[in-house]
Amino acid sequence: MQEEYQECYIAFIDILGFKSLIRDKKCSELIRIYQSIKSMRYVKEIDLPSLPEHNIHIKVMSDSVCIFIPSDLKGSLQQLVFMCLDFQSRMFEMNPPVLLRGAIVKGLIYSKDDVIFGPGFVDAYLMEENNANVPRIIINKSIIDDYKNNDNEFFDSIVVRDFDAFYYLDYISAYGLNNRSNIGRYDKLYEYICSVLDNTTDDSIRNKYLYLESKVLPLLHEHNRAPYINE
């Protein structure tokens, strides 16, 4: 990149529970997480304009990942969104599943070698830190509206308004849990959620998994697979 800021779509993502992973997992198991990050560099299965891979940037900082793509490239925001969804899907497949929390903004960033900074980078970090709160990747509504004005309605089925009026990426549907051929993923994820809730009294952890449960249960009901809960 040139020696100046560049306007990009920026995702700042935090890997939740990383301290526990460091404590409980072998080094080789943790490396699998980073290998998953590297393998999501370019999501080729989707119908998007072709983006040169050198325009897709990923910086890994321990338990944080920053992904950014120049905003003037056609399909850049779509590509970034799909990469974030792909990242969470890959983390769900870990044993045990790993949750992500993040934010997507449009702003100025500079990156060269190991150096990364800029107002857009700070905005993404602060939005993740202060507003994401639970396992979700949020995105400014203004970004979606601006993109729709210049493109198609790609985001209608992917971006959802949440309980607190923030918009987030619908990673549960993206995981394939609303597809009958993948319904087994549903059951496996829900069983894990229940195991966490049954075995912790930590409010911070419980709130994260209660939120995740609130997203998974409606899809279980949709497929007539929801468990009976004695209320």
# chains A, B, ... in the order shown; residues from 1 in each chain; ligands from 1
call {"tool": "residues_around", "arguments": {"residues": "Cys66 (chain A)", "least_positions_apart": "4", "cutoff": "10 Å", "atoms": "only C-alpha atoms", "output": "list in words"}}
result
Ile10, Ala11, Phe12, Ile13, Asp14, His57, Ile58, Lys59, Val60, Met61, Gly102, Ala103, Ile104, Ile116, Phe121, Ala124 and Tyr125 of chain A
call {"tool": "residues_around", "arguments": {"residues": "Phe18 (chain A)", "least_positions_apart": "2", "cutoff": "12 Å", "atoms": "only C-alpha atoms", "output": "list in words"}}
result
Asp14, Ile15, Leu16, Ser20, Leu21, Ile22, Arg23, Asp24, Lys25, Leu30, Ile33, Met61, Ser62, Asp63, Ser64, Pro97, Val98, Leu99, Leu100 and Arg101 of chain A
call {"tool": "write_last_selection", "arguments": {"atoms": "N, CA, C and O atoms", "output": "compact mmCIF listing (two decimals), in the first residue's frame"}}
result
# COMPACT_ATOMS: atom_id res chain seq x y z
N ASP A 14 -12.86 -10.19 17.36
CA ASP A 14 -12.23 -10.73 18.56
C ASP A 14 -12.62 -12.19 18.72
O ASP A 14 -13.81 -12.55 18.58
N ILE A 15 -11.65 -13.06 18.98
CA ILE A 15 -11.91 -14.47 19.24
C ILE A 15 -12.22 -14.61 20.73
O ILE A 15 -11.35 -14.40 21.58
N LEU A 16 -13.46 -14.92 21.06
CA LEU A 16 -13.89 -14.96 22.45
C LEU A 16 -13.33 -16.18 23.18
O LEU A 16 -13.17 -17.25 22.59
N SER A 20 -8.97 -18.95 27.79
CA SER A 20 -9.28 -20.34 28.13
C SER A 20 -8.70 -21.30 27.10
O SER A 20 -8.22 -22.39 27.44
N LEU A 21 -8.74 -20.89 25.83
CA LEU A 21 -8.16 -21.74 24.79
C LEU A 21 -6.66 -21.91 25.00
O LEU A 21 -6.11 -23.01 24.84
N ILE A 22 -5.99 -20.82 25.35
CA ILE A 22 -4.55 -20.88 25.61
C ILE A 22 -4.26 -21.83 26.76
O ILE A 22 -3.31 -22.62 26.74
N ARG A 23 -5.11 -21.79 27.78
CA ARG A 23 -4.92 -22.62 28.96
C ARG A 23 -5.22 -24.09 28.70
O ARG A 23 -4.51 -24.98 29.18
N ASP A 24 -6.26 -24.34 27.91
CA ASP A 24 -6.77 -25.71 27.78
C ASP A 24 -6.31 -26.46 26.53
O ASP A 24 -6.39 -27.69 26.49
N LYS A 25 -5.87 -25.72 25.52
CA LYS A 25 -5.56 -26.36 24.25
C LYS A 25 -4.05 -26.49 24.03
O LYS A 25 -3.26 -25.67 24.50
N LEU A 30 -4.34 -24.77 18.64
CA LEU A 30 -4.50 -23.34 18.43
C LEU A 30 -4.05 -22.93 17.03
O LEU A 30 -4.64 -22.04 16.42
N ILE A 33 -6.72 -22.76 14.42
CA ILE A 33 -7.51 -21.54 14.33
C ILE A 33 -6.87 -20.57 13.34
O ILE A 33 -7.53 -20.00 12.46
N MET A 61 -3.60 -10.42 15.34
CA MET A 61 -2.95 -9.89 16.54
C MET A 61 -3.42 -10.72 17.74
O MET A 61 -4.40 -10.37 18.40
N SER A 62 -2.77 -11.86 17.96
CA SER A 62 -3.14 -12.77 19.05
C SER A 62 -4.59 -13.20 18.91
O SER A 62 -4.93 -13.98 18.02
N ASP A 63 -5.51 -12.67 19.75
CA ASP A 63 -6.91 -13.09 19.70
C ASP A 63 -7.78 -12.14 18.89
O ASP A 63 -9.01 -12.20 18.95
N SER A 64 -7.17 -11.24 18.13
CA SER A 64 -7.91 -10.29 17.30
C SER A 64 -7.49 -10.42 15.85
O SER A 64 -6.33 -10.69 15.54
N PRO A 97 -16.78 -25.50 19.88
CA PRO A 97 -16.97 -24.34 19.00
C PRO A 97 -16.38 -23.07 19.61
O PRO A 97 -16.38 -22.90 20.82
N VAL A 98 -15.88 -22.21 18.75
CA VAL A 98 -15.30 -20.94 19.17
C VAL A 98 -16.21 -19.81 18.66
O VAL A 98 -16.63 -19.83 17.50
N LEU A 99 -16.48 -18.84 19.52
CA LEU A 99 -17.36 -17.73 19.16
C LEU A 99 -16.55 -16.49 18.81
O LEU A 99 -15.45 -16.28 19.32
N LEU A 100 -17.14 -15.65 17.95
CA LEU A 100 -16.50 -14.42 17.53
C LEU A 100 -17.38 -13.22 17.89
O LEU A 100 -18.61 -13.33 17.99
N ARG A 101 -16.74 -12.09 18.05
CA ARG A 101 -17.44 -10.82 18.26
C ARG A 101 -16.71 -9.77 17.45
O ARG A 101 -15.47 -9.72 17.47
call {"tool": "closest_residue", "arguments": {"among": "A:Ser39, A:Gln6, A:Thr201, A:Ser76", "to": "Tyr147 (chain A)", "atoms": "only C-alpha atoms"}}
result
A:Ser76
call {"tool": "select_by_dssp", "arguments": {"residues": "region 45-230 of chain A", "states": "strand (DSSP E)", "output": "ChimeraX atom specification"}}
result
/A:57-61,64-70,100-112,115-117,137-139,159-161,167-169
call {"tool": "closest_residue", "arguments": {"among": "A:Ile138, A:Arg161, A:Leu210, A:Met91", "to": "Ser195 (chain A)", "atoms": "only C-alpha atoms"}}
result
A:Leu210
call {"tool": "select_by_dssp", "arguments": {"residues": "region 13-231 of chain A", "states": "helix (DSSP H, G or I)", "output": "MDAnalysis selection string"}}
result
chainID A and resid 18:24 27:39 53:55 76:92 119:132 141:150 154:157 171:174 180:198 203:222
call {"tool": "write_last_selection", "arguments": {"atoms": "C-alpha atoms", "output": "tab-separated table (two decimals), in the first residue's frame"}}
result
chain	number	residue	atom	x	y	z
A	18	PHE	CA	-9.05	-17.04	23.96
A	19	LYS	CA	-7.48	-17.08	27.42
A	20	SER	CA	-9.28	-20.34	28.13
A	21	LEU	CA	-8.16	-21.74	24.79
A	22	ILE	CA	-4.55	-20.88	25.61
A	23	ARG	CA	-4.92	-22.62	28.96
A	24	ASP	CA	-6.77	-25.71	27.78
A	27	CYS	CA	-0.27	-25.37	20.61
A	28	SER	CA	-1.10	-27.55	17.59
A	29	GLU	CA	-4.83	-27.12	18.24
A	30	LEU	CA	-4.50	-23.34	18.43
A	31	ILE	CA	-2.58	-23.33	15.18
A	32	ARG	CA	-5.69	-24.77	13.52
A	33	ILE	CA	-7.51	-21.54	14.33
A	34	TYR	CA	-4.87	-19.48	12.58
A	35	GLN	CA	-4.83	-21.86	9.65
A	36	SER	CA	-8.59	-21.30	9.32
A	37	ILE	CA	-7.98	-17.56	9.26
A	38	LYS	CA	-5.42	-17.90	6.48
A	39	SER	CA	-7.66	-20.18	4.44
A	53	GLU	CA	-6.25	-11.28	-3.75
A	54	HIS	CA	-3.59	-8.68	-3.04
A	55	ASN	CA	-6.41	-6.25	-2.24
A	76	SER	CA	-15.53	-5.35	-1.67
A	77	LEU	CA	-18.11	-5.08	1.10
A	78	GLN	CA	-19.84	-8.27	0.00
A	79	GLN	CA	-16.53	-10.10	-0.01
A	80	LEU	CA	-15.69	-8.81	3.48
A	81	VAL	CA	-19.09	-9.86	4.81
A	82	PHE	CA	-18.77	-13.37	3.40
A	83	MET	CA	-15.28	-13.73	4.81
A	84	CYS	CA	-16.58	-12.83	8.27
A	85	LEU	CA	-19.43	-15.32	7.95
A	86	ASP	CA	-17.03	-17.98	6.68
A	87	PHE	CA	-14.72	-17.29	9.63
A	88	GLN	CA	-17.50	-17.87	12.17
A	89	SER	CA	-18.66	-21.01	10.36
A	90	ARG	CA	-15.15	-22.43	10.53
A	91	MET	CA	-14.92	-21.59	14.23
A	92	PHE	CA	-18.23	-23.38	14.91
A	119	PRO	CA	-9.06	6.29	12.34
A	120	GLY	CA	-11.03	3.52	10.62
A	121	PHE	CA	-9.06	0.87	12.49
A	122	VAL	CA	-9.78	2.66	15.79
A	123	ASP	CA	-13.49	3.02	14.94
A	124	ALA	CA	-13.79	-0.70	14.20
A	125	TYR	CA	-11.96	-1.64	17.39
A	126	LEU	CA	-14.08	0.66	19.59
A	127	MET	CA	-17.33	-0.49	18.00
A	128	GLU	CA	-16.39	-4.12	18.65
A	129	GLU	CA	-15.27	-3.35	22.19
A	130	ASN	CA	-18.15	-1.11	23.25
A	131	ASN	CA	-21.15	-2.15	21.17
A	132	ALA	CA	-20.92	-5.74	19.92
A	141	LYS	CA	-26.70	0.78	9.05
A	142	SER	CA	-25.33	3.74	7.13
A	143	ILE	CA	-22.87	1.43	5.36
A	144	ILE	CA	-25.70	-0.88	4.27
A	145	ASP	CA	-27.91	1.99	3.07
A	146	ASP	CA	-25.06	3.60	1.15
A	147	TYR	CA	-24.17	0.30	-0.48
A	148	LYS	CA	-27.77	-0.42	-1.45
A	149	ASN	CA	-28.02	2.96	-3.13
A	150	ASN	CA	-25.15	2.02	-5.39
A	154	PHE	CA	-27.66	-8.18	-1.36
A	155	PHE	CA	-27.90	-7.55	2.38
A	156	ASP	CA	-31.64	-8.09	2.88
A	157	SER	CA	-31.23	-11.72	3.93
A	171	TYR	CA	-24.12	-16.01	10.95
A	172	ILE	CA	-26.53	-18.70	12.17
A	173	SER	CA	-28.35	-18.88	8.84
A	174	ALA	CA	-25.03	-18.62	7.02
A	180	ARG	CA	-32.61	-29.36	6.23
A	181	SER	CA	-29.60	-31.15	4.79
A	182	ASN	CA	-27.45	-29.50	7.46
A	183	ILE	CA	-29.88	-29.74	10.36
A	184	GLY	CA	-27.49	-31.97	12.30
A	185	ARG	CA	-25.24	-28.95	12.76
A	186	TYR	CA	-28.16	-27.37	14.59
A	187	ASP	CA	-28.45	-30.12	17.14
A	188	LYS	CA	-24.73	-30.29	17.77
A	189	LEU	CA	-24.43	-26.54	18.34
A	190	TYR	CA	-27.46	-26.43	20.61
A	191	GLU	CA	-26.15	-29.32	22.70
A	192	TYR	CA	-22.91	-27.41	23.19
A	193	ILE	CA	-24.79	-24.25	24.20
A	194	CYS	CA	-26.74	-26.23	26.80
A	195	SER	CA	-23.60	-27.84	28.16
A	196	VAL	CA	-22.03	-24.43	28.75
A	197	LEU	CA	-25.15	-22.99	30.38
A	198	ASP	CA	-25.50	-26.05	32.60
A	203	ASP	CA	-22.67	-14.09	34.15
A	204	SER	CA	-20.47	-12.87	31.32
A	205	ILE	CA	-20.24	-16.34	29.77
A	206	ARG	CA	-23.91	-17.09	30.40
A	207	ASN	CA	-25.02	-13.90	28.68
A	208	LYS	CA	-23.02	-14.78	25.57
A	209	TYR	CA	-24.48	-18.28	25.33
A	210	LEU	CA	-28.01	-17.18	26.21
A	211	TYR	CA	-27.77	-14.77	23.30
A	212	LEU	CA	-26.56	-17.55	21.02
A	213	GLU	CA	-29.36	-19.80	22.24
A	214	SER	CA	-31.89	-17.09	21.34
A	215	LYS	CA	-30.68	-17.27	17.73
A	216	VAL	CA	-30.52	-21.05	17.47
A	217	LEU	CA	-33.83	-21.98	19.12
A	218	PRO	CA	-36.09	-20.31	16.51
A	219	LEU	CA	-34.46	-22.38	13.80
A	220	LEU	CA	-34.91	-25.53	15.84
A	221	HIS	CA	-38.60	-24.67	16.22
A	222	GLU	CA	-38.80	-24.07	12.47
call {"tool": "closest_residue", "arguments": {"among": "A:Asn140, A:Ser71, A:Phe117, A:Met94", "to": "Phe166 (chain A)", "atoms": "only C-alpha atoms"}}
result
A:Asn140
call {"tool": "atom_distance", "arguments": {"atom1": "CA of Lys106 (chain A)", "atom2": "CA of Ile56 (chain A)"}}
result
14.7 Å
call {"tool": "atom_distance", "arguments": {"atom1": "CA of Arg136 (chain A)", "atom2": "CA of Leu169 (chain A)"}}
result
7.0 Å
call {"tool": "closest_residue", "arguments": {"among": "A:Pro96, A:Tyr110, A:Lys26, A:Ile137", "to": "Val159 (chain A)", "atoms": "only C-alpha atoms"}}
result
A:Ile137
call {"tool": "atom_distance", "arguments": {"atom1": "CA of Ile69 (chain A)", "atom2": "CA of Gly118 (chain A)"}}
result
14.1 Å
